[in-house]
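Okay, protein.txt is below, compact mmCIF, C-alpha atoms:
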```
# COMPACT_ATOMS: atom_id res chain seq x y z
CA ARG A 196 -97.75 40.64 108.67
CA CYS A 197 -95.67 39.18 111.50
CA SER A 198 -91.96 39.78 111.39
CA MET A 199 -89.64 36.81 110.97
CA PHE A 200 -88.39 35.17 114.13
CA SER A 201 -84.77 35.84 113.12
CA GLU A 202 -85.47 39.56 112.86
CA GLU A 203 -87.09 39.54 116.29
CA ILE A 204 -84.08 37.96 118.00
CA LYS A 205 -81.61 40.17 116.11
CA GLN A 206 -83.60 43.19 117.26
CA ALA A 207 -83.51 41.94 120.84
CA ALA A 208 -79.72 41.64 120.56
CA GLN A 209 -79.12 45.19 119.30
CA PRO A 210 -78.05 46.62 122.71
CA ILE A 211 -75.43 43.86 123.03
CA LEU A 212 -74.25 44.31 119.44
CA HIS A 213 -73.90 48.05 120.07
CA ASP A 214 -71.72 47.40 123.12
CA ILE A 215 -69.59 44.90 121.20
CA GLN A 216 -68.98 47.47 118.47
CA GLN A 217 -68.05 50.06 121.13
CA HIS A 218 -65.72 47.73 123.04
CA PRO A 219 -62.11 49.03 123.27
CA PHE A 220 -60.75 45.92 121.53
CA VAL A 221 -63.11 46.31 118.56
CA GLN A 222 -62.60 50.07 118.51
CA GLY A 223 -58.86 49.40 118.56
CA ILE A 224 -59.18 47.24 115.46
CA GLN A 225 -61.00 50.10 113.75
CA ALA A 226 -58.30 52.56 114.88
CA GLY A 227 -55.51 50.21 113.85
CA LYS A 228 -53.97 49.70 117.29
CA VAL A 229 -54.56 46.88 119.80
CA PRO A 230 -52.04 45.85 122.51
CA SER A 231 -49.98 42.84 121.39
CA ALA A 232 -50.66 41.04 124.66
CA ALA A 233 -54.41 41.34 124.07
CA LEU A 234 -54.02 39.99 120.52
CA ALA A 235 -52.03 37.03 121.86
CA VAL A 236 -54.74 36.17 124.40
CA TYR A 237 -57.42 36.54 121.73
CA VAL A 238 -55.64 34.15 119.35
CA GLU A 239 -55.03 31.58 122.09
CA GLN A 240 -58.59 31.65 123.36
CA ASP A 241 -60.21 31.81 119.93
CA THR A 242 -58.27 28.67 118.99
CA CYS A 243 -59.75 26.93 122.04
CA PHE A 244 -63.18 28.27 121.19
CA LEU A 245 -63.09 27.20 117.53
CA ASN A 246 -62.05 23.68 118.49
CA ALA A 247 -65.14 23.55 120.69
CA PHE A 248 -67.23 25.16 117.94
CA ALA A 249 -66.25 22.35 115.57
CA LYS A 250 -67.43 19.77 118.12
CA VAL A 251 -70.74 21.59 118.46
CA PHE A 252 -71.20 21.49 114.70
CA ALA A 253 -70.34 17.78 114.82
CA GLY A 254 -73.15 17.37 117.33
CA ALA A 255 -75.45 19.20 114.93
CA LEU A 256 -74.38 16.89 112.12
CA VAL A 257 -75.33 13.85 114.24
CA LYS A 258 -78.76 15.37 114.91
CA SER A 259 -79.34 16.24 111.24
CA GLN A 260 -82.00 14.31 109.34
CA THR A 261 -81.07 15.19 105.76
CA THR A 262 -77.92 14.84 103.68
CA GLU A 263 -78.11 18.55 102.84
CA ARG A 264 -78.03 19.52 106.53
CA MET A 265 -75.21 17.05 107.20
CA ARG A 266 -73.19 18.55 104.37
CA PHE A 267 -73.81 22.06 105.69
CA PHE A 268 -72.58 21.24 109.20
CA SER A 269 -69.62 19.33 107.78
CA GLU A 270 -68.58 22.53 105.97
CA GLN A 271 -68.86 24.48 109.23
CA ILE A 272 -66.55 21.98 110.94
CA GLN A 273 -63.96 22.48 108.21
CA TYR A 274 -64.29 26.26 108.43
CA SER A 275 -63.85 26.26 112.21
CA LEU A 276 -60.85 23.93 112.24
CA ALA A 277 -58.92 25.18 109.23
CA ASP A 278 -60.06 28.34 107.48
CA GLU A 279 -60.13 30.72 110.44
CA SER A 280 -56.46 30.10 111.23
CA ALA A 281 -55.78 32.57 108.40
CA ALA A 282 -57.44 35.28 110.50
CA HIS A 283 -55.30 34.28 113.49
CA GLN A 284 -52.15 34.52 111.38
CA ILE A 285 -53.02 38.12 110.46
CA LEU A 286 -53.32 39.08 114.13
CA CYS A 287 -50.08 37.30 115.03
CA ASP A 288 -48.24 39.16 112.26
CA ILE A 289 -49.51 42.46 113.67
CA ALA A 290 -48.55 41.48 117.23
CA GLY A 291 -45.14 40.17 116.16
CA ILE A 292 -45.75 36.71 117.62
CA GLU A 293 -45.62 33.17 116.24
CA LEU A 294 -48.99 31.55 115.61
CA THR A 295 -47.69 28.07 116.47
CA GLU A 296 -46.74 29.27 119.95
CA HIS A 297 -50.29 30.41 120.68
CA GLN A 298 -52.37 27.45 119.48
CA HIS A 299 -52.15 25.21 122.54
CA ALA A 300 -53.24 27.36 125.48
CA ALA A 301 -55.71 26.15 128.09
CA PRO A 302 -59.17 27.75 128.15
CA ARG A 303 -59.45 30.85 130.34
CA PRO A 304 -62.56 31.38 132.52
CA LEU A 305 -64.83 33.00 129.94
CA THR A 306 -63.79 30.56 127.22
CA ALA A 307 -64.69 27.67 129.53
CA LEU A 308 -68.05 29.27 130.32
CA TYR A 309 -68.87 30.00 126.68
CA THR A 310 -67.95 26.53 125.43
CA GLU A 311 -69.97 24.90 128.21
CA HIS A 312 -72.95 27.04 127.13
CA LEU A 313 -72.51 25.64 123.61
CA PHE A 314 -72.14 22.04 124.76
CA THR A 315 -75.23 22.34 126.95
CA ALA A 316 -77.28 23.17 123.85
CA VAL A 317 -75.93 20.05 122.13
CA ARG A 318 -76.68 17.83 125.13
CA GLU A 319 -80.13 19.21 125.94
CA GLY A 320 -81.48 20.57 122.67
CA ASP A 321 -82.16 19.97 119.02
CA LEU A 322 -80.88 21.67 115.86
CA LEU A 323 -82.76 24.87 116.69
CA ASP A 324 -80.99 25.16 120.04
CA ILE A 325 -77.64 24.59 118.37
CA ALA A 326 -78.39 27.15 115.65
CA ALA A 327 -79.32 29.68 118.33
CA VAL A 328 -76.11 29.28 120.35
CA VAL A 329 -73.69 29.27 117.41
CA LEU A 330 -75.25 32.12 115.42
CA PRO A 331 -74.01 35.10 117.50
CA CYS A 332 -70.37 34.34 116.70
CA PRO A 333 -70.55 34.62 112.88
CA TRP A 334 -73.40 37.14 112.99
CA THR A 335 -71.62 39.64 115.25
CA TYR A 336 -68.36 39.25 113.31
CA ASN A 337 -70.16 40.03 110.07
CA GLU A 338 -71.70 43.11 111.68
CA ILE A 339 -68.38 44.20 113.23
CA SER A 340 -66.43 43.87 109.99
CA ARG A 341 -69.11 45.68 108.01
CA ALA A 342 -69.06 48.62 110.41
CA ILE A 343 -65.26 48.77 110.62
CA VAL A 344 -64.60 48.55 106.89
CA GLU A 345 -66.66 51.71 106.41
CA ASN A 346 -64.50 53.66 108.88
CA ALA A 347 -61.01 52.14 108.76
CA ALA A 348 -58.09 54.08 107.29
CA PRO A 349 -56.50 52.63 104.11
CA ASP A 350 -53.25 51.90 106.01
CA ASN A 351 -54.98 50.14 108.92
CA PRO A 352 -52.93 46.97 109.60
CA PHE A 353 -56.11 45.13 110.56
CA LEU A 354 -57.68 45.58 107.11
CA PRO A 355 -56.73 42.02 106.00
CA TRP A 356 -58.45 40.69 109.14
CA ILE A 357 -61.51 42.84 108.46
CA GLU A 358 -61.56 41.76 104.82
CA PHE A 359 -61.26 38.12 105.86
CA TYR A 360 -64.62 38.34 107.59
CA GLN A 361 -66.07 40.47 104.81
CA GLY A 362 -64.91 37.80 102.38
CA ALA A 363 -66.43 35.13 104.59
CA GLU A 364 -69.65 37.08 104.37
CA GLU A 365 -69.71 36.44 100.64
CA GLY A 366 -68.86 32.77 101.08
CA THR A 367 -69.13 30.35 103.99
CA GLY A 368 -69.55 33.05 106.64
CA ASP A 369 -72.60 34.95 105.47
CA ASP A 370 -74.06 31.87 103.84
CA SER A 371 -73.87 30.01 107.15
CA VAL A 372 -75.49 32.91 109.01
CA THR A 373 -78.27 33.10 106.42
CA GLN A 374 -78.89 29.35 106.52
CA LEU A 375 -78.86 29.13 110.31
CA PHE A 376 -81.32 32.01 110.66
CA ALA A 377 -83.42 30.35 107.95
CA MET A 378 -83.59 27.18 110.05
CA LEU A 379 -85.11 29.20 112.87
CA ASP A 380 -87.55 31.03 110.58
CA GLU A 381 -88.64 27.79 108.92
CA ALA A 382 -89.47 26.19 112.26
CA ALA A 383 -90.87 29.30 113.97
CA PRO A 384 -94.55 29.00 112.88
CA LYS A 385 -94.81 25.65 114.66
CA LEU A 386 -93.05 26.73 117.85
CA SER A 387 -94.84 27.60 121.08
CA ALA A 388 -94.19 30.93 122.75
CA GLN A 389 -92.22 29.13 125.46
CA ARG A 390 -90.05 27.35 122.90
CA LYS A 391 -89.31 30.63 121.13
CA GLU A 392 -88.36 32.14 124.46
CA GLU A 393 -85.92 29.28 125.14
CA ILE A 394 -84.25 29.72 121.76
CA THR A 395 -84.11 33.50 122.15
CA HIS A 396 -82.48 33.08 125.58
CA ARG A 397 -79.77 30.83 124.15
CA PHE A 398 -79.12 33.30 121.33
CA LEU A 399 -78.92 36.35 123.61
CA ARG A 400 -76.72 34.55 126.13
CA SER A 401 -74.25 33.74 123.33
CA CYS A 402 -74.35 37.37 122.22
CA GLU A 403 -73.42 38.49 125.72
CA LEU A 404 -70.66 35.89 125.88
CA GLU A 405 -69.30 37.28 122.61
CA TYR A 406 -68.98 40.65 124.35
CA ASP A 407 -67.30 38.99 127.32
CA PHE A 408 -64.88 37.17 124.99
CA TRP A 409 -63.57 40.50 123.67
CA GLU A 410 -63.34 41.76 127.25
CA GLN A 411 -61.41 38.70 128.42
CA ALA A 412 -58.79 39.18 125.70
CA TYR A 413 -58.51 42.94 126.19
CA SER A 414 -58.15 42.72 129.98
CA GLN A 415 -56.11 39.47 129.66
CA LYS A 416 -58.26 37.93 132.36
CA ASP A 417 -57.11 34.51 133.49
CA TRP A 418 -57.75 32.07 136.33
CA LYS A 419 -56.77 33.69 139.61
CA TYR A 420 -55.96 30.41 141.33
CA ARG A 421 -53.98 27.76 139.49
CA TRP A 422 -53.21 24.14 140.24
CA LYS A 423 -51.54 21.31 138.37
```

Written as structure tokens, how would this file's structure read?
Amino acid sequence: RCSMFSEEIKQAAQPILHDIQQHPFVQGIQAGKVPSAALAVYVEQDTCFLNAFAKVFAGALVKSQTTERMRFFSEQIQYSLADESAAHQILCDIAGIELTEHQHAAPRPLTALYTEHLFTAVREGDLLDIAAVVLPCPWTYNEISRAIVENAAPDNPFLPWIEFYQGAEEGTGDDSVTQLFAMLDEAAPKLSAQRKEEITHRFLRSCELEYDFWEQAYSQKDWKYRWK
């Protein structure tokens, strides 16, 4: 029996997932200590990213052919724009910074690259392309939180953040991951080898950009040359 397409692409992404889980930022969350400046950059850039994510889901809603799919993507828009701010508040509390002061930053280089990768899928592709580019974000967070919660100390200040994504796993988060992977598996038998390769490429590129997103926040990388 052939394995499901979703399992094939998840297997292909394992080296990237491993590196994400070993990244100093993610390891710092597990250890309970991440530099405040890195947390601030993460919150600022994740706010930019989630605003773009909501627009990508809006594009998916427009391309949807059933009310059920439209409702699903509408829920993802709401989750991106509103629900995840609770996770940002947790990080701001740990860093000792005000959330409202870190919600209006301009995109840094990697954020701009990642969001353009997402928008390209909306412009050029169909629902399968969109599912492939958005999946790595919730999928890797589910995997990260699952691994951390098994190893974090009871007094780890990041536990509420970890539990937020574990809770999401039982609600919108995991359900969205399951449904998006199901979209790929449902369509897979009718896809050509070339089409599968295109979708896999989009998925793996987003996985690598997830790694780079952690790196950007940890190193506080910004534009080297600025202009007004």

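Distance check against Asp324 in chain A using only C-alpha atoms: of A:Glu270, A:Glu345, A:Glu392, A:Glu263, the minimum falls on A:Glu392.
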
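As for CA of Ala282 in chain A and CA of Pro333 in chain A, they are spaced 13.3 Å apart.
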
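Compared by their closest atoms to Gln209 in chain A, and using all atoms listed in the file, the residues A:Ser259, A:Thr373, A:Thr335, A:Ser387 rank with A:Thr335 nearest.
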
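Checking A:Trp334, A:Gln361, A:Phe244, A:Gln415 one by one against Lys205 in chain A, counting only C-alpha atoms, you find the shortest gap at A:Trp334.
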
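For the pair CA of Tyr360 in chain A and CA of Glu293 in chain A, the separation is 21.5 Å.
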
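If you measure from each of A:Ala326, A:Leu276, A:Leu286, A:Ala342 to Ala255 in chain A using all atoms listed in the file, the closest one turns out to be A:Ala326.
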
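For the atom pair formed by CA of Asp380 in chain A and CA of Ala253 in chain A, the distance is 22.1 Å, given to one decimal.
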
Problem - Close residues, Arg264 in chain A itself excluded, 12 Å, all atoms listed in the file, min 3 positions apart in chain, as a VMD selection string - result: chain A and resid 252 to 253 255 to 261 267 to 271 322 326 371 374 to 375 378

Fill in the blank from the handout: Between A:His283, A:Arg421, A:His299, A:Lys385, smallest distance to Cys243 in chain A by all atoms listed in the file belongs to A:His299

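For the choices A:Ala348, A:Leu386, A:Leu404, A:Val238, the atom-to-atom distance to Ile292 in chain A is smallest for A:Val238 when using only C-alpha atoms.
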
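For Gly291 in chain A, the set of protein, DNA and RNA residues having any atom at most 10 Å away, when counting all atoms listed in the file and skipping those fewer than 3 positions along the same chain, is Ser231, Leu234, Ala235, Ile285, Leu286, Cys287, Asp288 and Leu294 of chain A.
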